[in-house]
Amino acid sequence: MTSPDPGIGRLLRPDGSVTVPAAVAGDVLRALVRDLTARVRADGGEVSPGVRALLYALHTAAQHADRPAASATGTTPAPTATVTEIPVGEAAALLGCTPEYVRRLARDGIIPARRIGARTWAIDRAALEDYRHGRHAA
């Protein structure tokens with residue numbers, strides 16, 4: 001099979017694995033989480049440990065890509081106050097738990113979230129990361 005993109009060679013490793021650039025890791029992560037969430041809902045299955053490890057690696061790469069670069073003076077720009085929200089399925093995949101558990105965390109006010117409609121929650125990504133890494137208020 002001939003590749004449509006001549007730059008694809010830099011993404012393929014000799015062992016057949018693929019390198020995902022940090023700049024697109026977030027997009028790849030979101031697409032995988034959407035697909036996996038739908039599949040788990042349809043068949044009630046579990047995400048394998050290998051897939052879970054891949055999701056965490058993509059998440060880490062996406063965070064690395066989002067960090068501001070240091071300027072010539074060695075300082076980093078001040079962070080913006082933008083709130084990024086993610087769906088419950090993506091939050092559950094990042095935490096390695098069920099979507100219902102994430103909804104319970106949101107309902108109980110443990111992680112900041114807002115309701116969109118009757119059943120949908122939008123989870124604050126930064127607060128979820130704080131919770132995930134044990135930086136939440138007791």
# chains A, B, ... in the order shown; residues from 1 in each chain; ligands from 1
>>> residues_around(residues="Leu55 in chain A", least_positions_apart="5", cutoff="9 Å", atoms="only C-alpha atoms", output="PyMOL selection string")
chain A and resi 29+32-33+50+60+93-94
>>> residues_around(residues="Gly109 in chain A", least_positions_apart="4", cutoff="12 Å", atoms="only C-alpha atoms", output="list in words")
Val102, Arg103, Arg104, Leu105, Ala113, Arg114, Arg115, Ile123, Asp124, Ala127, Leu128, Tyr131, His136, Ala137 and Ala138 of chain A
>>> write_last_selection(atoms="C-alpha atoms", output="mmCIF file, in the first residue's frame")
data_model
loop_
_atom_site.group_PDB
_atom_site.id
_atom_site.type_symbol
_atom_site.label_atom_id
_atom_site.label_comp_id
_atom_site.auth_asym_id
_atom_site.auth_seq_id
_atom_site.Cartn_x
_atom_site.Cartn_y
_atom_site.Cartn_z
ATOM 1 C CA VAL A 102 -17.492 10.548 37.264
ATOM 2 C CA ARG A 103 -21.131 11.703 37.309
ATOM 3 C CA ARG A 104 -21.243 11.007 41.055
ATOM 4 C CA LEU A 105 -18.066 13.063 41.588
ATOM 5 C CA ALA A 113 -18.693 20.314 36.260
ATOM 6 C CA ARG A 114 -21.789 21.752 34.710
ATOM 7 C CA ARG A 115 -24.918 20.114 33.469
ATOM 8 C CA ILE A 123 -16.249 18.187 33.327
ATOM 9 C CA ASP A 124 -13.583 20.830 34.019
ATOM 10 C CA ALA A 127 -9.933 20.181 38.015
ATOM 11 C CA LEU A 128 -10.127 16.572 36.858
ATOM 12 C CA TYR A 131 -8.280 15.284 41.342
ATOM 13 C CA HIS A 136 -8.010 18.209 45.217
ATOM 14 C CA ALA A 137 -9.306 19.814 48.386
ATOM 15 C CA ALA A 138 -10.070 17.392 51.189
#
>>> closest_residue(among="A:Glu100, A:Ala91, A:Ile110, A:Ala31", to="Arg135 in chain A", atoms="only C-alpha atoms")
A:Ile110
>>> residues_around(residues="Pro21 in chain A", least_positions_apart="5", cutoff="10 Å", atoms="only C-alpha atoms", output="MDAnalysis selection string")
chainID A and resid 11 26 28 58 61:62 65
>>> closest_residue(among="A:Gly89, A:Gly16, A:Pro112, A:Gly134", to="Arg39 in chain A", atoms="only C-alpha atoms")
A:Gly89
>>> closest_residue(among="A:Asp108, A:Glu129, A:Asp43, A:Asp15", to="Ala92 in chain A", atoms="only C-alpha atoms")
A:Glu129
>>> closest_residue(among="A:Ala126, A:Ile111, A:Glu90, A:Arg132", to="Ala38 in chain A", atoms="only C-alpha atoms")
A:Glu90
>>> atom_distance(atom1="CA of Trp121 in chain A", atom2="CA of Gly45 in chain A")
22.4 Å
>>> atom_distance(atom1="CA of Arg125 in chain A", atom2="CA of Ala57 in chain A")
16.4 Å
>>> atom_distance(atom1="CA of Val24 in chain A", atom2="CA of Arg10 in chain A")
14.6 Å
